[in-house]
Amino acid sequence: MDRRITIERGTEARDADGVLTTTWAPVATLWASLIQSSTSEFLQGSGLQGDTATIFRIRWLAGVTLRDRIRVDGTGYDIKEIKELGRRRGLEIRTIARGVD
């Protein structure tokens, strides 16, 4: 486990103009292993878009959901799948990178 990651949870609220915005707050900062990172390009809408799929492995942490995200070095990763490793020994978290935000 050689990467320092932060798991963040979003809360939605309406701003003064009535626009729905999401504010992200840290839930936990912990060590993780980067298992796999690959880029897949696919045709979406009118152009070609590349998404980076990344898998992180962490020690067991209760309460992580698909609505959370991971932040590493300024990049946000949307969580797409969570797999339990063993009996609460760890989590394998499959994500898609969403850039700097």
# chains A, B, ... in the order shown; residues from 1 in each chain; ligands from 1
call {"tool": "residues_around", "arguments": {"residues": "A:Leu30", "least_positions_apart": "3", "cutoff": "10 Å", "atoms": "only C-alpha atoms", "output": "list in words"}}
result
Met1, Arg3, Arg4, Ile5, Thr6, Ile7, Ile58, Arg59 and Leu61 of chain A
call {"tool": "residues_around", "arguments": {"residues": "stretch 31-37 of chain A", "least_positions_apart": "2", "cutoff": "12 Å", "atoms": "only C-alpha atoms", "output": "number ranges by chain"}}
result
A: 1-7, 28-29, 39-40, 51-61, 70-72, 77, 90-97
call {"tool": "residues_around", "arguments": {"residues": "stretch 22-26 of chain A", "least_positions_apart": "5", "cutoff": "8 Å", "atoms": "only C-alpha atoms", "output": "number ranges by chain"}}
result
A: 6-13
call {"tool": "write_last_selection", "arguments": {"atoms": "N, CA and C atoms", "output": "compact mmCIF listing (two decimals), in the first residue's frame"}}
result
# COMPACT_ATOMS: atom_id res chain seq x y z
N THR A 6 -7.97 9.72 -0.34
CA THR A 6 -9.02 10.25 0.51
C THR A 6 -10.36 9.82 -0.07
N ILE A 7 -11.18 9.23 0.77
CA ILE A 7 -12.54 8.89 0.37
C ILE A 7 -13.42 10.06 0.79
N GLU A 8 -14.20 10.56 -0.18
CA GLU A 8 -15.04 11.73 0.07
C GLU A 8 -16.52 11.38 -0.14
N ARG A 9 -17.36 12.07 0.60
CA ARG A 9 -18.81 11.87 0.50
C ARG A 9 -19.44 13.21 0.13
N GLY A 10 -20.36 13.16 -0.83
CA GLY A 10 -20.99 14.38 -1.30
C GLY A 10 -22.32 14.66 -0.62
N THR A 11 -22.58 15.95 -0.42
CA THR A 11 -23.89 16.39 0.05
C THR A 11 -24.42 17.40 -0.95
N GLU A 12 -25.67 17.25 -1.31
CA GLU A 12 -26.28 18.13 -2.29
C GLU A 12 -27.09 19.23 -1.61
N ALA A 13 -26.98 20.43 -2.17
CA ALA A 13 -27.73 21.57 -1.65
C ALA A 13 -27.97 22.54 -2.81
call {"tool": "select_by_dssp", "arguments": {"residues": "chain A", "states": "strand (DSSP E or B)", "output": "NGL selection string"}}
result
:A and (3-14 or 20-44 or 47-59 or 69-72 or 75-85 or 90-100)
call {"tool": "atom_distance", "arguments": {"atom1": "atom CA of A:Val19", "atom2": "atom CA of A:Lys80"}}
result
25.6 Å
call {"tool": "atom_distance", "arguments": {"atom1": "atom CA of A:Leu20", "atom2": "atom CA of A:Gly74"}}
result
22.9 Å
call {"tool": "atom_distance", "arguments": {"atom1": "atom CA of A:Thr65", "atom2": "atom CA of A:Leu85"}}
result
15.4 Å
